[in-house]
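This is input28.cif. It holds mmCIF, C-alpha atoms and all ligand atoms.
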data_final
loop_
_atom_site.label_atom_id
_atom_site.label_comp_id
_atom_site.auth_asym_id
_atom_site.auth_seq_id
_atom_site.Cartn_x
_atom_site.Cartn_y
_atom_site.Cartn_z
CA MET W 15 -83.86 104.57 -51.37
CA ALA W 16 -80.23 104.84 -52.45
CA SER W 17 -78.39 107.91 -51.25
CA PRO W 18 -78.64 110.87 -53.63
CA THR W 19 -75.73 111.34 -56.00
CA VAL W 20 -74.13 114.77 -56.07
CA VAL W 21 -71.68 115.70 -58.80
CA VAL W 22 -69.14 118.31 -57.66
CA ALA W 23 -67.66 120.15 -60.64
CA GLU W 24 -64.84 122.37 -59.47
CA ASP W 25 -61.27 122.70 -60.76
CA ASP W 26 -59.86 124.06 -57.50
CA SER W 27 -58.82 120.87 -55.73
CA ALA W 28 -59.00 122.36 -52.22
CA ILE W 29 -62.63 123.41 -52.71
CA ARG W 30 -63.50 120.17 -54.49
CA GLU W 31 -62.09 118.07 -51.66
CA LEU W 32 -63.72 120.20 -49.00
CA LEU W 33 -67.15 119.81 -50.60
CA THR W 34 -66.60 116.10 -51.22
CA HIS W 35 -65.70 115.62 -47.57
CA HIS W 36 -68.79 117.39 -46.25
CA LEU W 37 -71.18 115.79 -48.73
CA SER W 38 -69.86 112.29 -48.03
CA ARG W 39 -70.16 112.85 -44.33
CA GLU W 40 -73.82 113.74 -44.78
CA GLY W 41 -74.37 110.48 -46.59
CA TYR W 42 -74.39 111.58 -50.23
CA THR W 43 -72.67 109.66 -52.97
CA VAL W 44 -70.20 112.11 -54.47
CA ILE W 45 -68.71 112.15 -57.94
CA ALA W 46 -65.99 114.74 -58.42
CA ALA W 47 -65.23 116.41 -61.74
CA SER W 48 -62.44 118.89 -62.40
CA ASP W 49 -63.43 120.07 -65.87
CA GLY W 50 -66.57 120.94 -67.79
CA HIS W 51 -66.64 117.92 -70.08
CA SER W 52 -66.56 115.36 -67.28
CA ALA W 53 -69.05 117.44 -65.29
CA LEU W 54 -71.49 117.21 -68.17
CA ARG W 55 -70.87 113.52 -68.67
CA TYR W 56 -71.37 112.63 -64.98
CA ALA W 57 -74.38 114.90 -64.61
CA ARG W 58 -76.07 113.27 -67.60
CA ARG W 59 -75.39 109.81 -66.29
CA ALA W 60 -76.26 109.86 -62.62
CA ALA W 61 -76.75 113.15 -60.84
CA ASP W 62 -79.49 114.09 -58.40
CA LEU W 63 -77.74 117.43 -58.01
CA LEU W 64 -74.89 119.19 -59.72
CA ILE W 65 -72.70 121.63 -57.81
CA LEU W 66 -71.22 123.61 -60.63
CA ASP W 67 -68.36 126.08 -60.59
CA ILE W 68 -68.58 128.65 -63.38
CA GLY W 69 -64.90 128.94 -64.20
CA LEU W 70 -64.07 125.41 -65.35
CA PRO W 71 -61.53 124.24 -67.91
CA GLY W 72 -62.87 122.66 -71.09
CA ILE W 73 -66.36 124.09 -71.19
CA ASP W 74 -67.39 126.59 -68.54
CA GLY W 75 -70.19 126.20 -66.03
CA PHE W 76 -72.63 128.30 -68.05
CA ASP W 77 -72.24 126.05 -71.07
CA VAL W 78 -72.53 122.91 -68.97
CA ALA W 79 -75.79 124.22 -67.50
CA ARG W 80 -77.13 125.24 -70.93
CA SER W 81 -76.38 121.82 -72.37
CA LEU W 82 -78.23 120.12 -69.52
CA GLN W 83 -81.13 122.50 -69.99
CA ARG W 84 -81.29 121.59 -73.67
CA ASP W 85 -81.40 117.89 -72.75
CA ARG W 86 -84.33 118.57 -70.45
CA ARG W 87 -82.79 116.22 -67.93
CA GLY W 88 -83.99 118.35 -65.06
CA VAL W 89 -80.78 117.96 -63.08
CA PRO W 90 -80.93 120.55 -60.29
CA ILE W 91 -77.92 122.88 -60.28
CA LEU W 92 -76.28 124.78 -57.45
CA MET W 93 -73.86 127.26 -59.01
CA LEU W 94 -70.63 128.40 -57.39
CA THR W 95 -69.69 131.89 -58.41
CA ALA W 96 -66.62 133.95 -57.59
CA ARG W 97 -67.59 137.21 -59.26
CA ALA W 98 -70.44 139.58 -58.51
CA ASP W 99 -71.02 140.28 -62.22
CA GLU W 100 -71.83 136.63 -62.82
CA ILE W 101 -74.67 136.55 -60.31
CA ASP W 102 -77.20 138.25 -62.60
CA ARG W 103 -76.76 135.60 -65.22
CA VAL W 104 -77.07 132.85 -62.64
CA VAL W 105 -80.03 134.16 -60.69
CA GLY W 106 -81.68 135.39 -63.85
CA PHE W 107 -81.91 131.67 -64.52
CA GLU W 108 -80.48 132.25 -67.94
CA VAL W 109 -78.75 128.95 -67.40
CA GLY W 110 -81.41 127.26 -65.34
CA ALA W 111 -79.58 127.16 -62.01
CA ASP W 112 -81.73 126.38 -59.00
CA ASP W 113 -79.62 128.35 -56.57
CA TYR W 114 -76.16 129.83 -56.23
CA VAL W 115 -73.48 130.37 -53.59
CA CYS W 116 -70.77 133.02 -53.75
CA LYS W 117 -67.15 132.23 -53.03
CA PRO W 118 -65.79 132.30 -50.46
CA PHE W 119 -68.52 130.24 -48.82
CA SER W 120 -68.81 128.21 -45.66
CA PRO W 121 -69.31 124.46 -46.14
CA ARG W 122 -72.27 124.69 -43.79
CA GLU W 123 -73.98 127.18 -46.08
CA VAL W 124 -73.47 124.95 -49.11
CA MET W 125 -74.78 121.90 -47.24
CA SER W 126 -77.95 123.69 -46.23
CA ARG W 127 -78.55 124.81 -49.86
CA VAL W 128 -77.96 121.26 -51.04
CA ARG W 129 -80.49 119.90 -48.55
CA ALA W 130 -83.03 122.54 -49.55
CA ILE W 131 -82.74 121.80 -53.26
CA LEU W 132 -82.97 118.04 -52.74
CA ARG W 133 -85.98 118.50 -50.49
CA ARG W 134 -87.70 120.58 -53.19
CA THR W 135 -86.95 117.97 -55.83
CA GLY W 136 -88.03 115.06 -53.62
CA ARG W 137 -84.56 113.51 -53.46
CA ALA W 138 -83.70 114.33 -49.87
CA ILE W 139 -81.89 111.88 -47.66
CA GLU W 140 -84.36 110.16 -45.39
CA ALA W 141 -81.96 108.84 -42.77
CA PRO W 142 -80.79 111.62 -40.48
CA PRO W 143 -77.11 112.26 -39.87
CA THR W 144 -75.55 110.22 -37.15
CA LEU W 145 -75.76 110.39 -33.43
CA LEU W 146 -72.28 109.79 -32.05
CA SER W 147 -72.17 108.25 -28.63
CA PHE W 148 -69.13 108.02 -26.34
CA GLY W 149 -70.36 106.81 -23.00
CA ARG W 150 -71.92 109.76 -21.24
CA LEU W 151 -71.02 112.12 -24.07
CA GLU W 152 -73.41 112.23 -27.01
CA ILE W 153 -73.01 114.31 -30.15
CA ASP W 154 -76.23 114.86 -32.03
CA GLU W 155 -75.39 116.16 -35.48
CA ARG W 156 -78.96 116.80 -36.48
CA ALA W 157 -79.81 118.87 -33.42
CA ARG W 158 -76.26 120.27 -33.36
CA GLU W 159 -76.10 119.46 -29.67
CA ALA W 160 -73.41 117.90 -27.54
CA ARG W 161 -74.84 116.35 -24.40
CA VAL W 162 -73.46 114.83 -21.23
CA ASP W 163 -75.93 112.60 -19.43
CA GLY W 164 -78.59 114.06 -21.70
CA ASN W 165 -77.88 117.67 -20.77
CA ASP W 166 -77.06 120.01 -23.64
CA LEU W 167 -73.64 121.63 -23.19
CA CYS W 168 -74.80 124.63 -25.28
CA LEU W 169 -71.60 124.74 -27.31
CA LYS W 170 -70.99 127.68 -29.60
CA PRO W 171 -71.43 126.78 -33.30
CA ARG W 172 -67.68 126.68 -33.97
CA GLU W 173 -67.01 124.60 -30.85
CA PHE W 174 -69.67 122.15 -31.93
CA SER W 175 -68.26 121.89 -35.46
CA LEU W 176 -64.78 121.32 -34.08
CA LEU W 177 -66.00 118.60 -31.72
CA LEU W 178 -67.98 116.97 -34.50
CA GLU W 179 -65.00 117.00 -36.86
CA LEU W 180 -62.76 115.43 -34.21
CA ALA W 181 -65.30 112.88 -33.01
CA SER W 182 -66.29 111.86 -36.56
CA ASN W 183 -62.63 110.98 -37.04
CA ALA W 184 -62.14 109.32 -33.65
CA GLY W 185 -58.73 107.68 -33.34
CA ILE W 186 -57.28 109.71 -36.21
CA ALA W 187 -54.77 112.51 -35.56
CA LEU W 188 -55.90 115.67 -37.34
CA SER W 189 -53.43 118.45 -38.07
CA ARG W 190 -54.24 122.00 -37.09
CA GLU W 191 -54.23 122.94 -40.79
CA ARG W 192 -56.75 120.28 -41.62
CA LEU W 193 -59.00 121.34 -38.75
CA LEU W 194 -58.77 124.95 -39.91
CA GLU W 195 -59.78 123.95 -43.41
CA ARG W 196 -62.58 121.63 -42.35
CA VAL W 197 -64.07 123.71 -39.57
CA TRP W 198 -63.29 127.29 -40.54
CA GLY W 199 -63.23 126.88 -44.31
CA TYR W 200 -60.52 126.96 -46.91
CA ASP W 201 -60.58 130.74 -47.18
CA PHE W 202 -60.09 131.41 -43.49
CA ASN W 203 -57.15 133.72 -42.85
CA GLY W 204 -56.43 132.91 -39.21
CA ASP W 205 -53.51 130.81 -38.04
CA ALA W 206 -53.16 127.51 -36.24
CA ARG W 207 -53.40 129.15 -32.82
CA THR W 208 -57.08 129.76 -33.54
CA VAL W 209 -57.51 126.00 -33.33
CA ASP W 210 -55.65 125.83 -30.01
CA VAL W 211 -57.84 128.55 -28.50
CA HIS W 212 -61.02 126.75 -29.53
CA ILE W 213 -59.74 123.38 -28.34
CA HIS W 214 -59.00 124.94 -24.97
CA ARG W 215 -62.55 126.26 -24.72
CA LEU W 216 -64.00 122.99 -25.93
CA ARG W 217 -62.06 121.05 -23.29
CA LEU W 218 -63.36 123.33 -20.56
CA ARG W 219 -66.87 122.48 -21.69
CA ILE W 220 -66.64 118.75 -22.27
CA GLU W 221 -63.92 117.82 -19.82
CA GLU W 222 -64.50 120.07 -16.85
CA ASP W 223 -66.24 117.15 -15.20
CA GLY W 224 -63.36 115.16 -13.72
CA THR W 225 -65.38 111.96 -13.97
CA LEU W 226 -65.48 112.17 -17.76
CA PRO W 227 -62.53 110.76 -19.70
CA HIS W 228 -60.21 113.04 -21.61
CA PHE W 229 -61.55 112.96 -25.10
CA VAL W 230 -59.33 115.45 -26.91
CA GLN W 231 -55.66 114.50 -26.98
CA THR W 232 -52.89 116.86 -28.03
CA ILE W 233 -50.50 115.50 -30.65
CA HIS W 234 -47.49 117.71 -30.04
CA GLY W 235 -46.21 119.63 -33.02
CA PHE W 236 -49.10 118.39 -35.14
CA GLY W 237 -52.64 118.72 -33.91
CA TYR W 238 -55.34 116.85 -32.05
CA LYS W 239 -56.98 113.48 -31.79
CA PHE W 240 -60.31 112.42 -30.38
CA VAL W 241 -60.03 109.27 -28.30
CA ARG W 242 -62.92 107.04 -27.42
CA SER W 243 -61.63 106.77 -23.84
CA CA R 301 -62.86 127.49 -61.03
#
Encoded form using structure tokens:
Amino acid sequence: MASPTVVVAEDDSAIRELLTHHLSREGYTVIAASDGHSALRYARRAADLLILDIGLPGIDGFDVARSLQRDRRGVPILMLTARADEIDRVVGFEVGADDYVCKPFSPREVMSRVRAILRRTGRAIEAPPTLLSFGRLEIDERAREARVDGNDLCLKPREFSLLLELASNAGIALSRERLLERVWGYDFNGDARTVDVHIHRLRLRIEEDGTLPHFVQTIHGFGYKFVRS
């Protein structure tokens, strides 16, 4: 079965790129739209799921959803809402949304809603996310476990996400800002030192064993890079 196609309709480019990144990494085919007209066009053509911001230029998210409802296409919709007073209209299913997420949201939350909707509609991805293997270090995305010689390191959720983000981009230098956005979310208010603190903790966990190679390299004045050893 081909990977499910998710249309991301969002005019805020930071949010659109964040969602596109996470969806692609989970194996979905992603089509991005930055206005209501293209959202409607893409959703009609190919979507297994539409992630739909309400405040869109052109035609707004409510009208996009109503048009799809009129077509009886049955495209599942996950609404993104920024205002509490919009929630009633969304959850009242006035517009036929299957679920909704309030901004600011964590990418993880959105991904779990996406999986749930696709499971309900029988379009879930069958192949599990990857198992990354670096010698004795294994990163199991599905179980959210990092293991050395098969023993779970019991990383905290944020440490695991940070390791996964670095290891999924092995060999690529990632700036602190990018790590903040990808791991903490675009709305996170902390500064770059937050990343340093978590990297320090992560190193203690995965590199305390002197026989393991040094996986996380510091790129001075920029950020960090995961090296395959
Ligand atoms: Ca918007």
**OP:** Kindly work out which residues sit at most 10 Å from ligand CA 301 (chain R), using only C-alpha atoms and all ligand atoms, and give the list as a list in words.
**Re:**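 For ligand CA 301 (chain R), the residues inside 10 Å are Ala23, Glu24, Asp25, Asp26, Ser27, Ile29, Arg30, Ser48, Asp49, Leu66, Asp67, Ile68, Gly69, Leu70, Pro71, Asp74, Gly75, Leu94, Thr95 and Ala96 of chain W.
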Go ahead and dump the residues you just picked, C-alpha atoms, as a PDB file, in the coordinates of the input.
ATOM      1  CA  ALA W  23     -67.660 120.150 -60.640  1.00  0.00           C
ATOM      2  CA  GLU W  24     -64.840 122.370 -59.470  1.00  0.00           C
ATOM      3  CA  ASP W  25     -61.270 122.700 -60.760  1.00  0.00           C
ATOM      4  CA  ASP W  26     -59.860 124.060 -57.500  1.00  0.00           C
ATOM      5  CA  SER W  27     -58.820 120.870 -55.730  1.00  0.00           C
ATOM      6  CA  ILE W  29     -62.630 123.410 -52.710  1.00  0.00           C
ATOM      7  CA  ARG W  30     -63.500 120.170 -54.490  1.00  0.00           C
ATOM      8  CA  SER W  48     -62.440 118.890 -62.400  1.00  0.00           C
ATOM      9  CA  ASP W  49     -63.430 120.070 -65.870  1.00  0.00           C
ATOM     10  CA  LEU W  66     -71.220 123.610 -60.630  1.00  0.00           C
ATOM     11  CA  ASP W  67     -68.360 126.080 -60.590  1.00  0.00           C
ATOM     12  CA  ILE W  68     -68.580 128.650 -63.380  1.00  0.00           C
ATOM     13  CA  GLY W  69     -64.900 128.940 -64.200  1.00  0.00           C
ATOM     14  CA  LEU W  70     -64.070 125.410 -65.350  1.00  0.00           C
ATOM     15  CA  PRO W  71     -61.530 124.240 -67.910  1.00  0.00           C
ATOM     16  CA  ASP W  74     -67.390 126.590 -68.540  1.00  0.00           C
ATOM     17  CA  GLY W  75     -70.190 126.200 -66.030  1.00  0.00           C
ATOM     18  CA  LEU W  94     -70.630 128.400 -57.390  1.00  0.00           C
ATOM     19  CA  THR W  95     -69.690 131.890 -58.410  1.00  0.00           C
ATOM     20  CA  ALA W  96     -66.620 133.950 -57.590  1.00  0.00           C
TER      21      ALA W  96
END
Original post:
With distances taken over all atoms listed in the file, which of W:Phe236, W:Phe174, W:Tyr42, W:Phe229 is nearest to Leu151 of chain W?
Top reply: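 The shortest atom-to-atom distance to Leu151 of chain W comes from W:Phe229.
With all atoms listed in the file as the atoms that count, the minimum distance from Thr34 of chain W to the choices W:Leu218, W:Ile186, W:Ile65, W:Leu54 is reached by W:Ile65.
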Original post:
Could you tell me, as a list in words, which residues have any atom at most 12 Å from (-80.9, 107.8, -68.7), counting only C-alpha atoms?
Top reply: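 In the file's frame, the residues around the point are Arg55, Tyr56, Ala57, Arg58, Arg59, Ala60, Ala61, Asp85, Arg86, Arg87, Gly88 and Val89 of chain W.
Atom CA of Ile139 of chain W lies 26.4 Å from atom CA of Lys170 of chain W.
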**OP:** Provide the atom CA of Ile131 of chain W to atom CA of Asp112 of chain W distance in Å, to one decimal place.
**Re:**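 Result for atom CA of Ile131 of chain W versus atom CA of Asp112 of chain W: 7.4 Å, one decimal.
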Original post:
What is the distance between atom CA of Leu193 of chain W and atom CA of Arg39 of chain W, in Å to one decimal?
Top reply: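 Here the two named atoms are 15.1 Å from each other.
Between Val78 of chain W and the residues W:Glu173, W:Val197, W:Met93, W:Ala206, the shortest atom-to-atom distance, using all atoms listed in the file, involves W:Met93.
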**OP:** Point out the residue among W:Val21, W:Ile153, W:Leu32, W:Val115 with the least atom-to-atom distance to Arg192 of chain W, counting all atoms listed in the file.
**Re:**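 Nearest candidate to Arg192 of chain W out of W:Val21, W:Ile153, W:Leu32, W:Val115: W:Leu32.
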**OP:** List the neighbours of Val230 of chain W out to 10 Å using all atoms listed in the file; skip same-chain residues closer than 4 positions along the sequence, and give me the result as a list in words.
**Re:**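 Those residues are Leu177, Leu180, Ala181, Ala184, Ile213, His214, Leu216, Arg217, Ile220, Glu221, Tyr238, Lys239, Phe240, Val241, Arg242 and Ser243 of chain W.
If you measure from each of W:Leu63, W:Leu188, W:Ser182, W:Leu132 to Thr144 of chain W using only C-alpha atoms, the closest one turns out to be W:Ser182.
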Original post:
So, counting only C-alpha atoms, which residue among W:Glu40, W:Val211, W:Val124, W:Pro18 is closest to Leu145 of chain W?
Top reply: W:Glu40
Original post:
Got a sec: who's within 7 Å of Gly237 of chain W, counting only C-alpha atoms, leaving out chain neighbours fewer than 4 positions off, as JSON, numbers by chain?
Top reply: {"W": [187, 188, 189, 190, 232, 233]}
Subject >> Neighbour residues at most 10 Å from (-73.7, 125.5, -50.6) (all atoms listed in the file) as JSON, numbers by chain >> reply: {"W": [33, 65, 92, 93, 94, 113, 114, 115, 116, 117, 119, 120, 121, 122, 123, 124, 125, 126, 127, 128, 129, 130]}
Residue contacts of Arg150 of chain W (8 Å, all atoms listed in the file) excluding same-chain residues fewer than 2 positions away, as a PDB file with C-alpha atoms, in the frame of the given file:
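Produced file selection-v6.pdb, reproduced below:
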ATOM      1  CA  SER W 147     -72.170 108.250 -28.630  1.00  0.00           C
ATOM      2  CA  PHE W 148     -69.130 108.020 -26.340  1.00  0.00           C
ATOM      3  CA  GLU W 152     -73.410 112.230 -27.010  1.00  0.00           C
ATOM      4  CA  ARG W 161     -74.840 116.350 -24.400  1.00  0.00           C
ATOM      5  CA  VAL W 162     -73.460 114.830 -21.230  1.00  0.00           C
ATOM      6  CA  ASP W 163     -75.930 112.600 -19.430  1.00  0.00           C
ATOM      7  CA  GLY W 164     -78.590 114.060 -21.700  1.00  0.00           C
ATOM      8  CA  LEU W 226     -65.480 112.170 -17.760  1.00  0.00           C
TER       9      LEU W 226
END
What box, with edges along x, y and z, holds each listed atom of segment 155-159 of chain W when 5 Å is added on every side, and can you state its centre and edge lengths in Å to one decimal, as lines of an AutoDock Vina configuration file?
center_x = -77.6
center_y = 118.2
center_z = -33.1
size_x = 14.4
size_y = 14.1
size_z = 16.8
